[in-house]
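*Asks:* File follows, query-v9.txt with compact mmCIF, C-alpha atoms and all ligand atoms:
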# COMPACT_ATOMS: atom_id res chain seq x y z
CA MET W 1 93.91 39.91 -15.84
CA SER W 2 94.42 41.97 -18.94
CA PHE W 3 94.15 45.64 -19.90
CA TYR W 4 91.31 44.52 -22.16
CA TYR W 5 89.01 44.28 -19.11
CA GLU W 6 89.99 47.78 -18.06
CA TYR W 7 89.36 49.00 -21.58
CA GLU W 8 85.91 47.35 -21.61
CA LYS W 9 84.94 49.45 -18.59
CA LEU W 10 86.65 52.67 -19.70
CA LYS W 11 85.15 52.72 -23.17
CA GLU W 12 81.69 53.17 -21.61
CA LEU W 13 82.67 56.56 -20.19
CA PRO W 14 80.58 59.40 -21.69
CA PHE W 15 83.70 61.10 -23.08
CA ASP W 16 81.93 63.93 -24.92
CA ASP W 17 79.92 64.93 -21.84
CA ILE W 18 82.95 64.64 -19.55
CA PHE W 19 85.18 66.74 -21.79
CA GLN W 20 82.51 69.38 -22.36
CA GLY W 21 81.86 69.64 -18.61
CA ILE W 22 85.48 70.42 -17.71
CA THR W 23 86.28 74.10 -17.14
CA GLU W 24 89.51 76.11 -16.99
CA THR W 25 89.04 76.28 -13.22
CA ASP W 26 89.16 72.46 -13.11
CA VAL W 27 92.38 72.49 -15.15
CA LYS W 28 93.99 75.11 -12.88
CA ARG W 29 93.06 73.06 -9.81
CA VAL W 30 94.61 69.92 -11.28
CA LEU W 31 97.78 71.80 -12.20
CA GLN W 32 98.28 72.63 -8.50
CA LYS W 33 98.49 68.95 -7.60
CA GLN W 34 101.69 67.01 -7.05
CA ARG W 35 100.32 63.72 -8.37
CA MET W 36 97.67 63.26 -11.02
CA ASN W 37 95.05 60.52 -10.95
CA THR W 38 93.06 59.02 -13.80
CA GLU W 39 90.31 61.66 -13.51
CA ASP W 40 92.95 64.37 -13.74
CA LEU W 41 94.19 62.83 -16.98
CA LEU W 42 90.78 63.51 -18.54
CA VAL W 43 90.95 67.10 -17.31
CA LEU W 44 94.38 67.57 -18.89
CA LEU W 45 93.16 66.18 -22.22
CA SER W 46 90.01 68.32 -22.28
CA PRO W 47 89.28 71.21 -24.68
CA ALA W 48 89.39 73.57 -21.67
CA ALA W 49 93.04 72.63 -21.06
CA GLU W 50 93.98 73.91 -24.53
CA ASN W 51 93.86 77.44 -23.09
CA LEU W 52 96.35 76.50 -20.39
CA LEU W 53 98.93 74.76 -22.54
CA GLU W 54 101.66 77.15 -21.43
CA GLU W 55 101.12 76.23 -17.77
CA MET W 56 100.94 72.54 -18.60
CA ALA W 57 104.14 72.80 -20.62
CA GLN W 58 105.99 74.50 -17.76
CA LYS W 59 105.02 71.79 -15.31
CA ALA W 60 105.81 69.04 -17.83
CA HIS W 61 109.26 70.54 -18.34
CA GLU W 62 109.98 70.66 -14.61
CA LEU W 63 108.88 67.06 -14.08
CA THR W 64 110.93 65.80 -17.02
CA VAL W 65 114.10 67.52 -15.81
CA GLN W 66 113.45 66.20 -12.29
CA HIS W 67 113.12 62.57 -13.45
CA PHE W 68 115.35 62.39 -16.52
CA GLY W 69 117.72 65.36 -16.34
CA ARG W 70 118.43 67.27 -19.55
CA THR W 71 119.12 64.25 -21.71
CA ILE W 72 117.67 62.83 -24.93
CA LEU W 73 118.42 59.22 -25.82
CA LEU W 74 118.93 58.75 -29.56
CA PHE W 75 118.08 55.58 -31.45
CA ASN W 76 117.20 54.55 -34.96
CA PRO W 77 114.88 52.07 -36.63
CA ILE W 78 116.42 49.39 -38.83
CA TYR W 79 114.05 47.71 -41.28
CA ILE W 80 115.17 44.20 -42.13
CA ALA W 81 112.10 42.99 -44.10
CA ASP W 82 108.88 44.42 -45.49
CA HIS W 83 106.86 41.28 -46.27
CA CYS W 84 103.44 41.51 -44.68
CA VAL W 85 100.29 39.40 -44.79
CA ASN W 86 97.98 42.04 -43.29
CA VAL W 87 95.78 44.60 -44.94
CA CYS W 88 96.17 47.77 -42.86
CA THR W 89 94.62 50.68 -44.73
CA TYR W 90 97.15 53.25 -43.44
CA CYS W 91 100.45 51.47 -44.18
CA SER W 92 102.65 51.13 -47.28
CA PHE W 93 103.54 47.55 -46.37
CA SER W 94 99.89 46.42 -46.58
CA VAL W 95 99.77 43.20 -48.64
CA THR W 96 97.51 44.83 -51.22
CA ASN W 97 100.16 47.42 -52.15
CA GLN W 98 102.19 46.26 -55.12
CA PHE W 99 105.95 46.67 -54.81
CA GLU W 100 108.94 44.38 -54.76
CA ARG W 101 109.21 43.01 -51.23
CA LYS W 102 112.66 42.73 -49.59
CA LYS W 103 114.20 40.74 -46.78
CA LEU W 104 117.81 41.15 -45.71
CA SER W 105 120.06 38.11 -45.40
CA LEU W 106 122.17 37.86 -42.24
CA GLU W 107 125.13 39.13 -44.28
CA GLN W 108 123.13 42.15 -45.44
CA ILE W 109 121.97 42.79 -41.88
CA GLU W 110 125.61 42.97 -40.86
CA ILE W 111 126.35 45.46 -43.65
CA GLU W 112 123.35 47.56 -42.60
CA ALA W 113 124.40 47.34 -38.94
CA LYS W 114 127.92 48.54 -39.72
CA ALA W 115 126.59 51.50 -41.72
CA LEU W 116 124.40 52.55 -38.80
CA ALA W 117 126.95 51.79 -36.07
CA ASP W 118 129.57 53.86 -37.92
CA GLN W 119 127.44 56.90 -37.11
CA GLY W 120 127.91 56.16 -33.42
CA LEU W 121 124.42 54.96 -32.53
CA LYS W 122 124.17 52.23 -29.89
CA HIS W 123 120.39 51.79 -29.55
CA ILE W 124 118.30 50.40 -32.39
CA LEU W 125 114.74 49.28 -33.07
CA VAL W 126 114.40 46.33 -35.47
CA LEU W 127 111.33 46.39 -37.70
CA THR W 128 109.68 43.95 -40.08
CA GLY W 129 106.23 43.57 -41.60
CA GLU W 130 104.11 40.70 -40.33
CA SER W 131 104.86 37.43 -42.11
CA LYS W 132 105.66 34.29 -40.16
CA THR W 133 106.73 32.66 -43.42
CA HIS W 134 109.29 35.29 -44.40
CA THR W 135 110.33 36.50 -40.95
CA PRO W 136 109.82 33.66 -38.46
CA VAL W 137 111.03 34.04 -34.88
CA SER W 138 114.14 31.99 -35.74
CA TYR W 139 115.12 34.59 -38.37
CA ILE W 140 114.55 37.47 -35.94
CA ALA W 141 116.66 35.71 -33.28
CA GLU W 142 119.55 35.20 -35.73
CA ALA W 143 119.26 38.82 -36.88
CA VAL W 144 119.38 40.03 -33.27
CA LYS W 145 122.54 38.02 -32.60
CA VAL W 146 124.22 39.76 -35.55
CA LEU W 147 123.01 43.18 -34.42
CA LYS W 148 124.17 42.64 -30.83
CA LYS W 149 127.75 42.70 -32.13
CA TYR W 150 127.26 46.37 -33.00
CA PHE W 151 124.65 47.77 -30.63
CA SER W 152 124.27 47.82 -26.86
CA SER W 153 120.46 47.84 -27.00
CA VAL W 154 118.29 46.02 -29.54
CA ALA W 155 114.52 46.55 -29.39
CA ILE W 156 111.95 45.05 -31.74
CA GLU W 157 108.79 46.24 -33.48
CA ILE W 158 107.58 43.13 -35.27
CA ASN W 159 104.41 41.02 -35.35
CA PRO W 160 102.93 40.15 -31.93
CA LEU W 161 104.33 36.94 -30.45
CA ASP W 162 103.56 34.50 -27.67
CA THR W 163 105.33 34.81 -24.32
CA GLU W 164 107.64 31.85 -25.03
CA GLU W 165 108.68 33.40 -28.33
CA TYR W 166 109.49 36.67 -26.58
CA LYS W 167 111.57 34.74 -24.04
CA LEU W 168 113.53 33.22 -26.91
CA LEU W 169 114.20 36.67 -28.35
CA ALA W 170 115.11 38.06 -24.94
CA ASP W 171 117.67 35.26 -24.66
CA ALA W 172 119.04 36.29 -28.07
CA GLY W 173 119.56 39.85 -26.78
CA VAL W 174 116.29 41.75 -27.24
CA ASP W 175 115.74 44.25 -24.41
CA GLY W 176 112.91 46.37 -25.77
CA LEU W 177 109.51 45.82 -27.34
CA THR W 178 107.44 48.40 -29.18
CA VAL W 179 103.86 47.50 -29.97
CA TYR W 180 101.22 50.12 -30.67
CA GLN W 181 97.58 49.27 -30.42
CA GLU W 182 97.28 51.63 -33.43
CA VAL W 183 93.69 52.51 -32.50
CA TYR W 184 91.95 51.63 -29.22
CA ASN W 185 88.46 52.09 -30.65
CA GLU W 186 87.64 48.45 -31.37
CA GLU W 187 85.21 49.12 -34.21
CA ILE W 188 87.63 51.37 -36.05
CA TYR W 189 90.38 48.84 -35.33
CA LYS W 190 88.38 46.22 -37.26
CA SER W 191 87.65 48.62 -40.10
CA VAL W 192 91.27 49.67 -40.73
CA HIS W 193 92.71 46.18 -40.20
CA VAL W 194 90.81 44.63 -43.03
CA LYS W 195 92.48 41.25 -43.31
CA GLY W 196 95.14 39.12 -41.66
CA PRO W 197 96.13 38.10 -38.12
CA LYS W 198 96.34 41.71 -37.02
CA ARG W 199 92.53 41.82 -36.98
CA ASP W 200 92.74 40.06 -33.59
CA TYR W 201 92.28 43.16 -31.41
CA ARG W 202 92.53 41.37 -28.07
CA TYR W 203 95.72 39.45 -28.96
CA ARG W 204 97.40 42.71 -29.96
CA MET W 205 96.23 44.51 -26.84
CA ASP W 206 97.71 41.78 -24.63
CA THR W 207 101.05 41.81 -26.50
CA PRO W 208 102.86 44.35 -24.29
CA GLU W 209 101.83 42.29 -21.28
CA ARG W 210 103.27 39.11 -22.81
CA GLY W 211 106.49 41.06 -23.40
CA CYS W 212 106.56 42.06 -19.71
CA GLU W 213 105.94 38.45 -18.66
CA ALA W 214 108.82 37.34 -20.86
CA GLY W 215 111.10 39.70 -18.94
CA ILE W 216 111.73 42.25 -21.68
CA ARG W 217 113.04 45.33 -19.94
CA GLN W 218 111.53 48.20 -21.93
CA ILE W 219 108.00 48.19 -23.29
CA ASN W 220 106.74 50.97 -25.54
CA VAL W 221 103.01 51.33 -26.20
CA GLY W 222 101.02 53.91 -28.10
CA ALA W 223 98.31 54.87 -30.54
CA LEU W 224 98.59 56.03 -34.14
CA LEU W 225 96.88 59.38 -33.87
CA GLY W 226 94.47 60.19 -36.65
CA LEU W 227 92.62 56.87 -36.78
CA ASP W 228 90.04 58.08 -34.23
CA GLU W 229 89.33 61.18 -32.14
CA TRP W 230 92.67 61.99 -30.52
CA ARG W 231 91.57 62.83 -26.95
CA ARG W 232 90.06 59.39 -26.37
CA GLU W 233 92.94 57.62 -28.07
CA ALA W 234 95.54 59.52 -26.02
CA TYR W 235 93.54 58.68 -22.89
CA PHE W 236 93.42 54.93 -23.61
CA ALA W 237 97.10 54.84 -24.55
CA ALA W 238 98.04 56.61 -21.30
CA MET W 239 95.77 54.27 -19.30
CA HIS W 240 97.39 51.27 -20.98
CA ALA W 241 100.85 52.56 -20.00
CA HIS W 242 99.57 53.22 -16.47
CA TYR W 243 98.17 49.69 -16.19
CA LEU W 244 101.47 48.12 -17.29
CA GLN W 245 103.56 50.38 -15.06
CA SER W 246 101.44 49.53 -12.02
CA LYS W 247 101.53 45.79 -12.68
CA TYR W 248 105.08 45.21 -13.95
CA LEU W 249 107.31 47.11 -11.62
CA ASP W 250 110.53 45.81 -13.22
CA ALA W 251 109.61 47.01 -16.69
CA GLU W 252 110.28 50.50 -18.05
CA ILE W 253 107.10 51.61 -19.76
CA SER W 254 107.20 54.28 -22.46
CA LEU W 255 104.61 55.87 -24.68
CA SER W 256 104.58 57.15 -28.26
CA LEU W 257 101.84 59.03 -30.03
CA PRO W 258 102.83 59.03 -33.70
CA ARG W 259 100.60 60.79 -36.19
CA ILE W 260 99.68 59.25 -39.54
CA ARG W 261 102.06 60.25 -42.35
CA PRO W 262 101.73 59.94 -46.14
CA HIS W 263 102.25 56.37 -47.36
CA LEU W 264 101.41 54.13 -50.32
CA GLY W 265 97.64 53.96 -50.63
CA ASP W 266 94.90 56.54 -50.27
CA TYR W 267 93.76 56.27 -46.63
CA GLN W 268 92.90 59.67 -45.17
CA PRO W 269 92.98 60.24 -41.40
CA LYS W 270 89.56 60.27 -39.76
CA SER W 271 90.67 62.86 -37.25
CA ILE W 272 93.10 65.71 -37.94
CA VAL W 273 95.50 66.02 -35.02
CA GLU W 274 96.96 69.51 -35.03
CA ASP W 275 100.37 70.32 -33.57
CA ARG W 276 98.86 71.95 -30.49
CA HIS W 277 96.84 68.79 -29.87
CA LEU W 278 99.96 66.65 -30.00
CA VAL W 279 101.65 69.04 -27.57
CA GLN W 280 98.66 68.77 -25.24
CA ALA W 281 98.63 64.97 -25.41
CA ILE W 282 102.36 64.73 -24.68
CA THR W 283 102.31 67.21 -21.79
CA ALA W 284 99.20 65.55 -20.32
CA PHE W 285 100.97 62.21 -20.44
CA ARG W 286 104.08 63.65 -18.77
CA LEU W 287 102.01 65.12 -15.92
CA PHE W 288 100.07 61.87 -15.46
CA LEU W 289 103.08 59.51 -15.55
CA PRO W 290 106.19 61.55 -14.69
CA ARG W 291 108.55 58.53 -14.64
CA SER W 292 107.63 57.12 -18.05
CA GLY W 293 109.63 57.66 -21.20
CA ILE W 294 108.14 59.44 -24.19
CA THR W 295 109.44 58.64 -27.67
CA LEU W 296 109.20 61.02 -30.62
CA SER W 297 109.94 59.84 -34.15
CA THR W 298 111.01 61.59 -37.35
CA ARG W 299 107.36 61.53 -38.44
CA GLU W 300 107.13 64.92 -36.77
CA PRO W 301 108.50 68.13 -38.35
CA GLU W 302 111.74 69.79 -37.25
CA TYR W 303 110.27 72.78 -35.42
CA LEU W 304 107.93 70.61 -33.39
CA ARG W 305 110.62 68.07 -32.46
CA ASP W 306 112.93 70.89 -31.40
CA ASN W 307 110.32 72.35 -29.07
CA LEU W 308 108.98 69.09 -27.67
CA ILE W 309 112.41 68.37 -26.22
CA TYR W 310 111.54 70.81 -23.43
CA LEU W 311 108.13 69.30 -22.71
CA GLY W 312 108.61 65.67 -21.85
CA VAL W 313 110.23 63.79 -24.72
CA THR W 314 113.06 61.51 -23.56
CA LYS W 315 113.89 59.50 -26.67
CA MET W 316 114.16 60.42 -30.37
CA SER W 317 115.10 58.81 -33.64
CA ALA W 318 117.54 60.79 -35.77
CA GLY W 319 118.54 60.42 -39.41
CA ALA W 320 116.06 57.54 -39.63
CA LYS W 321 115.33 55.45 -42.73
CA THR W 322 112.03 53.61 -43.03
CA GLU W 323 112.90 51.28 -45.89
CA VAL W 324 114.75 47.95 -45.92
CA GLY W 325 118.47 48.51 -46.45
CA GLY W 326 118.11 52.26 -46.11
CA TYR W 327 121.42 53.00 -44.35
CA SER W 328 123.85 50.99 -46.45
CA GLN W 329 121.77 50.84 -49.65
CA CYS W 330 122.48 47.09 -49.67
CA GLU W 331 118.86 46.85 -50.82
CA THR W 332 116.45 49.38 -52.23
CA GLY W 333 113.24 48.94 -50.28
CA THR W 334 110.01 50.94 -50.20
CA ALA W 335 109.54 53.36 -47.30
CA GLN W 336 106.87 52.39 -44.75
CA PHE W 337 105.92 56.05 -44.45
CA GLN W 338 107.33 59.44 -45.35
CA ILE W 339 109.73 60.99 -42.87
CA SER W 340 109.20 64.61 -41.94
CA ASP W 341 112.39 65.53 -40.04
CA GLU W 342 115.18 64.55 -42.44
CA ARG W 343 118.11 65.95 -40.47
CA SER W 344 121.14 63.72 -39.94
CA LEU W 345 122.18 62.28 -36.60
CA VAL W 346 124.96 64.89 -36.38
CA GLU W 347 122.50 67.73 -36.99
CA ILE W 348 120.10 66.39 -34.36
CA GLN W 349 122.91 66.06 -31.82
CA LYS W 350 123.92 69.65 -32.51
CA MET W 351 120.34 70.88 -32.10
CA ILE W 352 119.99 69.03 -28.79
CA ARG W 353 123.22 70.51 -27.43
CA GLU W 354 122.22 74.01 -28.51
CA LYS W 355 119.10 73.61 -26.41
CA GLY W 356 121.21 72.87 -23.35
CA TYR W 357 120.50 69.14 -23.39
CA GLN W 358 122.81 66.17 -23.71
CA PRO W 359 122.31 63.75 -26.62
CA VAL W 360 122.87 60.21 -25.31
CA LEU W 361 123.96 57.46 -27.70
CA LYS W 362 124.25 54.72 -25.10
CA ASP W 363 122.54 54.63 -21.74
CA TRP W 364 122.89 50.98 -20.91
CA GLU W 365 123.89 47.54 -22.19
CA LEU W 366 122.27 44.15 -21.81
CA LEU W 367 124.90 41.47 -21.29
CA VAL W 368 123.83 38.11 -22.75
S1 LIG W 401 101.09 48.29 -40.07
FE1 LIG W 401 102.38 46.49 -39.74
S2 LIG W 401 100.99 44.79 -40.02
FE2 LIG W 401 99.99 46.53 -40.96
S3 LIG W 401 100.58 46.48 -43.11
FE3 LIG W 401 102.06 47.78 -42.03
S4 LIG W 401 103.72 46.41 -41.51
FE4 LIG W 401 101.96 45.13 -42.00
Reformat the file's structure so that it appears as structure tokens.
*Replies:*
Amino acid sequence: MSFYYEYEKLKELPFDDIFQGITETDVKRVLQKQRMNTEDLLVLLSPAAENLLEEMAQKAHELTVQHFGRTILLFNPIYIADHCVNVCTYCSFSVTNQFERKKLSLEQIEIEAKALADQGLKHILVLTGESKTHTPVSYIAEAVKVLKKYFSSVAIEINPLDTEEYKLLADAGVDGLTVYQEVYNEEIYKSVHVKGPKRDYRYRMDTPERGCEAGIRQINVGALLGLDEWRREAYFAAMHAHYLQSKYLDAEISLSLPRIRPHLGDYQPKSIVEDRHLVQAITAFRLFLPRSGITLSTREPEYLRDNLIYLGVTKMSAGAKTEVGGYSQCETGTAQFQISDERSLVEIQKMIREKGYQPVLKDWELLV
């Protein structure tokens, strides 16, 4: 079984007709319910629900406080290499973009780790481009062992791997896996992933499931909003999270809905996702899956991040760098994308406290 079979059925839904047929009365009825089903998710993502965002936000806030308290877990990405063999039209690291590629040595990773750990952070997300030559699994495993000396939680966002490879990384100390489908629309997926192993849509879609089977504790899925019409993409991403949560009861499933940001290259988003649309997508997801985490990155602007804290977000990056060696300046890499919220970790912690929430730097530790 695979989410791909679910997707094959779901993609045949007449989305335009369904969304146009939903009324404000339908939305109000759904908002009275204690538990939302998959039909309700469509109602919450509909154009009619845009007029009831305030009510959705209130309910999303209550559910988030009920399940997570008033806490925001802080983490940061750490880029250790930017070599990539893929052509992805929306990313600076695409192999066709000309810049000097970097890869940190284990010694440089330690320098970078110290610089980040000195800020007090305990949760990190390790990123690379996709190049089995430059960043084989053996390199990632060695890097993770270095990073585990400084951080209680090490998650990865690297090229998709086989289950056995994930098991190897879990043994090295990896406890989280982030892998976005980028775009669930299979035709658009093929058109924006022009060349390289990432063109394999099905292999990527099954990646979170392989991570679950390898015993990785936290799995984060999502869609890069802007590549296709956002309501459908948010729906598929939420259904993917729902599928994983129902099947892998031991795993903690989270969702992210990043929006495309400026990068090297000239790709323009197909679909403009306005702030209110992102708010609707996040609150709809919270109402549909109240126990799942929602991650919000520094791609989003300050004012929006500040307000989304109330509506369902449970995890945020803070003071993030998106280039190799960005924290210690042990290397001078090229940013994967432009950050929008440039506040420091200290400033973000202050903002969270002022909102009556608790910033959490460490919520657990994997002992290996
Ligand atoms: S999105 Fe990932 S795979 Fe694609 S070019 Fe960027 S780093 Fe490489």
*Asks:* Within 7 Å of segment 320-331 of chain W, counting only C-alpha atoms, which residues show up once you throw out same-chain ones fewer than 5 positions away? Write them as a ChimeraX atom specification, please.
*Replies:* /W:76-77,79-82,102,108,111-112,115-116,298,336-337
*Asks:* Show me which residues line ligand LIG 401 (chain W), defined as having an atom within 9 Å of a ligand atom where all atoms listed in the file count, and present them as JSON, numbers by chain.
*Replies:* {"W": [82, 83, 84, 85, 86, 87, 88, 89, 90, 91, 92, 93, 94, 95, 96, 127, 128, 129, 130, 131, 157, 158, 159, 182, 193, 196, 197, 198, 336]}
*Asks:* Would you kindly return, as a PyMOL selection string, each protein, DNA or RNA residue with an atom no farther than 10 Å from any atom of segment 119-121 of chain W, considering only C-alpha atoms and excluding same-chain residues fewer than 3 positions away?
*Replies:* chain W and resi 73-76+113-116+124+150-153+318-319+344-346+360-362
*Asks:* Excluding same-chain residues fewer than 4 positions from Glu50 of chain W, what lies within 10 Å of it counting only C-alpha atoms, as a ChimeraX atom specification?
*Replies:* /W:24,27,44-46,54,56,276-277,279-280
*Asks:* Smallest atom-to-atom distance to Asn37 of chain W: which of W:Tyr166, W:Ile219, W:Val144, W:Pro290, using only C-alpha atoms?
*Replies:*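 Comparing W:Tyr166, W:Ile219, W:Val144, W:Pro290 against Asn37 of chain W, the winner is W:Pro290.
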*Asks:* Return as lines of an AutoDock Vina configuration file the box centre and box size in Å, one decimal, for an axis-aligned box around all listed atoms of segment 2-19 of chain W padded by 8 Å per side.
*Replies:*
center_x = 87.2
center_y = 54.4
center_z = -21.5
size_x = 30.5
size_y = 40.8
size_z = 22.9
*Asks:* Closest to Leu52 of chain W among W:Ser297, W:Leu224, W:Thr283, W:Glu110, using only C-alpha atoms?
*Replies:* W:Thr283
*Asks:* How many Å lie between atom CA of Val221 of chain W and atom CA of Ile294 of chain W, rounded to one decimal?
*Replies:*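 Computing it gives 9.8 Å between the two atoms.
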*Asks:* Report, in Å to a single decimal, how far apart atom CA of Tyr184 of chain W and atom CA of Glu233 of chain W are.
*Replies:* 6.2 Å
*Asks:* Work out how far atom CA of Gly222 of chain W is from atom CA of Gln349 of chain W, in Å to one decimal.
*Replies:*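 That distance, rounded to one decimal, is 25.3 Å.
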*Asks:* So which one's closest to Leu13 of chain W, W:Lys355, W:Tyr248, W:Lys28, W:Phe236? Using only C-alpha atoms, please.
*Replies:*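 Between W:Lys355, W:Tyr248, W:Lys28, W:Phe236, the residue approaching Leu13 of chain W most closely is W:Phe236.
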*Asks:* Which is closer to Val174 of chain W than all the others in W:Val137, W:Ile216, W:Ile282, W:Met205, using all atoms listed in the file?
*Replies:*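 Selected residue with least distance to Val174 of chain W: W:Ile216.
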*Asks:* For each of W:Glu164, W:Glu274, W:Glu213, W:Glu229, take the minimum atom-to-atom distance to Asp16 of chain W, counting all atoms listed in the file, then give the residue where this is smallest.
*Replies:*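 Smallest separation from Asp16 of chain W among the options: W:Glu229.
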*Asks:* What's around Asp171 of chain W at 12 Å? Count all atoms listed in the file, leave out sequence neighbours fewer than 2 positions away in its own chain, and write the answer as a VMD selection string.
*Replies:* chain W and resid 140 to 142 144 to 145 148 154 164 to 169 173 to 175 214 to 216 366 to 368
*Asks:* Compare W:Glu187, W:Asp206, W:Asp40, W:Glu100 by their minimum atom-to-atom distance to Tyr5 of chain W, counting all atoms listed in the file, and give me the closest one.
*Replies:*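 When distances to Tyr5 of chain W are compared using all atoms listed in the file, the smallest one comes from W:Asp206.
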*Asks:* Each residue of segment 304-328 of chain W with at least one atom at most 10 Å from segment 250-263 of chain W should appear once, together with its nearest atom pair and the corresponding distance in Å (one decimal); atoms considered: only C-alpha atoms; ordering: chain, then increasing residue number; output as JSON lines.
*Replies:*
{"residue": "W:Val313", "atom": "CA", "partner": "W:Ser256", "partner_atom": "CA", "distance": 9.4}
{"residue": "W:Thr314", "atom": "CA", "partner": "W:Ser254", "partner_atom": "CA", "distance": 9.4}
{"residue": "W:Lys315", "atom": "CA", "partner": "W:Ser254", "partner_atom": "CA", "distance": 9.5}
*Asks:* Do a neighbour search on Lys270 of chain W at 6 Å with all atoms listed in the file, toss out local chain neighbours closer than 3 positions, and write the hits as a ChimeraX atom specification.
*Replies:* /W:226-228
